[in-house]
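For reference, the structure discussed in these notes is given below.
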Amino acid sequence: MANKHLKIFDDFWLPELTIAQTYQCAVCHSWEGTDIHHLSAKQSGGSKCKDYIENLICLCRSCHTKCHSDKNYNLKARIINLENIADKLKDELDG
């Protein structure tokens, strides 16, 4: 399935949020031209699956491009993603 990562992302975030709330850039909070980015790149032709929620983040095109060209920016995005996931899981635990 070519868009397996989109389903994984949606299944994790959409139960509480609308699509509009979910598809906002996690780094700069832009609503423009967002993509679901693999923080750790999928191996071309490789067998290792990178489609897990901790590796998937919604980014605008600008932040997506920065993640590909700047490993520190990509690390910043990874930290933001993990913090967002941890916050969601804490809310579920407390809820």
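The chains in the structure tokens are called A, B, ... from first to last as shown; in each chain the residues are counted from 1, and the ligands are counted from 1 in the order shown.
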With region 4-12 of chain A as the partner and 12 Å as the cut-off, tabulate the residues of region 59-94 of chain A that qualify, each row holding the nearest pair of atoms and their distance in Å to one decimal, using only C-alpha atoms, sorted by chain and rising number, as a tab-separated table.
```
residue	atom	partner	partner_atom	distance
A:Asn81	CA	A:Phe9	CA	11.7
A:Asn84	CA	A:Phe12	CA	11.6
A:Ile85	CA	A:Phe12	CA	9.2
A:Lys88	CA	A:Phe12	CA	9.5
A:Leu89	CA	A:Phe12	CA	10.3
A:Glu92	CA	A:Phe12	CA	11.9
```
Please, could you write that set of residues out with N, CA and C atoms as a tab-separated table (two decimals), in the first residue's frame?
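This is the output file out-v1.tsv:
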```tsv
chain	number	residue	atom	x	y	z
A	81	ASN	N	7.87	16.24	17.28
A	81	ASN	CA	6.96	15.13	17.02
A	81	ASN	C	6.83	14.23	18.24
A	84	ASN	N	4.82	15.93	20.95
A	84	ASN	CA	3.39	15.93	20.63
A	84	ASN	C	2.76	14.56	20.89
A	85	ILE	N	3.46	13.52	20.50
A	85	ILE	CA	2.97	12.15	20.74
A	85	ILE	C	2.88	11.88	22.24
A	88	LYS	N	-0.12	13.61	23.72
A	88	LYS	CA	-1.37	12.92	23.38
A	88	LYS	C	-1.54	11.68	24.25
A	89	LEU	N	-0.49	10.92	24.42
A	89	LEU	CA	-0.58	9.69	25.22
A	89	LEU	C	-0.82	10.01	26.70
A	92	GLU	N	-4.43	10.76	27.10
A	92	GLU	CA	-5.22	9.52	27.09
A	92	GLU	C	-5.13	8.83	28.45
```
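You can rank A:Gly95, A:Asp70, A:Ile57, A:Ser62 by their closest distance to Glu32 (chain A) using only C-alpha atoms, and at the top of that list sits A:Ser62.
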Strand (DSSP E or B) residues, from DSSP on the backbone, in chain A, as a PDB file with N, CA and C atoms, in the first residue's frame:
```pdb
ATOM      1  N   THR A  34       0.820  21.056   3.192  1.00  0.00           N
ATOM      2  CA  THR A  34       1.454  20.132   4.116  1.00  0.00           C
ATOM      3  C   THR A  34       1.641  18.735   3.527  1.00  0.00           C
ATOM      4  N   ASP A  35       2.671  18.058   4.019  1.00  0.00           N
ATOM      5  CA  ASP A  35       3.001  16.688   3.647  1.00  0.00           C
ATOM      6  C   ASP A  35       3.241  15.897   4.918  1.00  0.00           C
ATOM      7  N   ILE A  36       3.045  14.588   4.840  1.00  0.00           N
ATOM      8  CA  ILE A  36       3.447  13.715   5.937  1.00  0.00           C
ATOM      9  C   ILE A  36       4.867  13.254   5.611  1.00  0.00           C
ATOM     10  N   HIS A  37       5.796  13.668   6.447  1.00  0.00           N
ATOM     11  CA  HIS A  37       7.231  13.453   6.233  1.00  0.00           C
ATOM     12  C   HIS A  37       7.720  12.280   7.091  1.00  0.00           C
ATOM     13  N   HIS A  38       8.595  11.466   6.506  1.00  0.00           N
ATOM     14  CA  HIS A  38       9.302  10.428   7.257  1.00  0.00           C
ATOM     15  C   HIS A  38      10.559  11.074   7.838  1.00  0.00           C
ATOM     16  N   LEU A  56       6.607   9.762  11.704  1.00  0.00           N
ATOM     17  CA  LEU A  56       5.750  10.495  10.770  1.00  0.00           C
ATOM     18  C   LEU A  56       5.331  11.833  11.370  1.00  0.00           C
ATOM     19  N   ILE A  57       5.534  12.891  10.598  1.00  0.00           N
ATOM     20  CA  ILE A  57       5.185  14.235  11.063  1.00  0.00           C
ATOM     21  C   ILE A  57       4.588  15.013   9.902  1.00  0.00           C
ATOM     22  N   CYS A  58       3.634  15.870  10.225  1.00  0.00           N
ATOM     23  CA  CYS A  58       3.035  16.736   9.221  1.00  0.00           C
ATOM     24  C   CYS A  58       3.857  18.019   9.132  1.00  0.00           C
ATOM     25  N   LEU A  59       4.326  18.321   7.923  1.00  0.00           N
ATOM     26  CA  LEU A  59       5.159  19.506   7.697  1.00  0.00           C
ATOM     27  C   LEU A  59       4.678  20.282   6.474  1.00  0.00           C
ATOM     28  N   CYS A  60       4.826  21.601   6.527  1.00  0.00           N
ATOM     29  CA  CYS A  60       4.604  22.409   5.331  1.00  0.00           C
ATOM     30  C   CYS A  60       5.765  22.145   4.369  1.00  0.00           C
TER      31      CYS A  60
END
```
Looking at only C-alpha atoms, which of A:Pro15, A:Ala41, A:Cys25, A:Asn3 is the one that sits closest to Lys71 (chain A)? A:Ala41
I'd like the interatomic distance between CA of Ser69 (chain A) and CA of Ile53 (chain A), to a tenth of an Å. 22.0 Å
For a test of reading the model, state the distance in Å between CA of Lys66 (chain A) and CA of Tyr52 (chain A), rounded to one decimal.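 Atom-to-atom, CA of Lys66 (chain A) to CA of Tyr52 (chain A), that is 21.4 Å.
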So the first atom is CA of Leu93 (chain A) and the second is CA of Leu75 (chain A); what is the distance between them in Å, to one decimal place?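 The value is 26.8 Å.
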DSSP alpha helix (DSSP H) residues within chain A, as a PyMOL selection string: chain A and resi 4-13+19-22+61-69+71-94
Option closest in space to His64 (chain A), from A:Ala86, A:Asp51, A:Gly33, A:Trp13 [counting only C-alpha atoms]: A:Gly33
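With distances restricted to only C-alpha atoms, A:Arg61 is the closest residue to Trp31 (chain A) from A:His68, A:Arg61, A:Arg78, A:Asp87.
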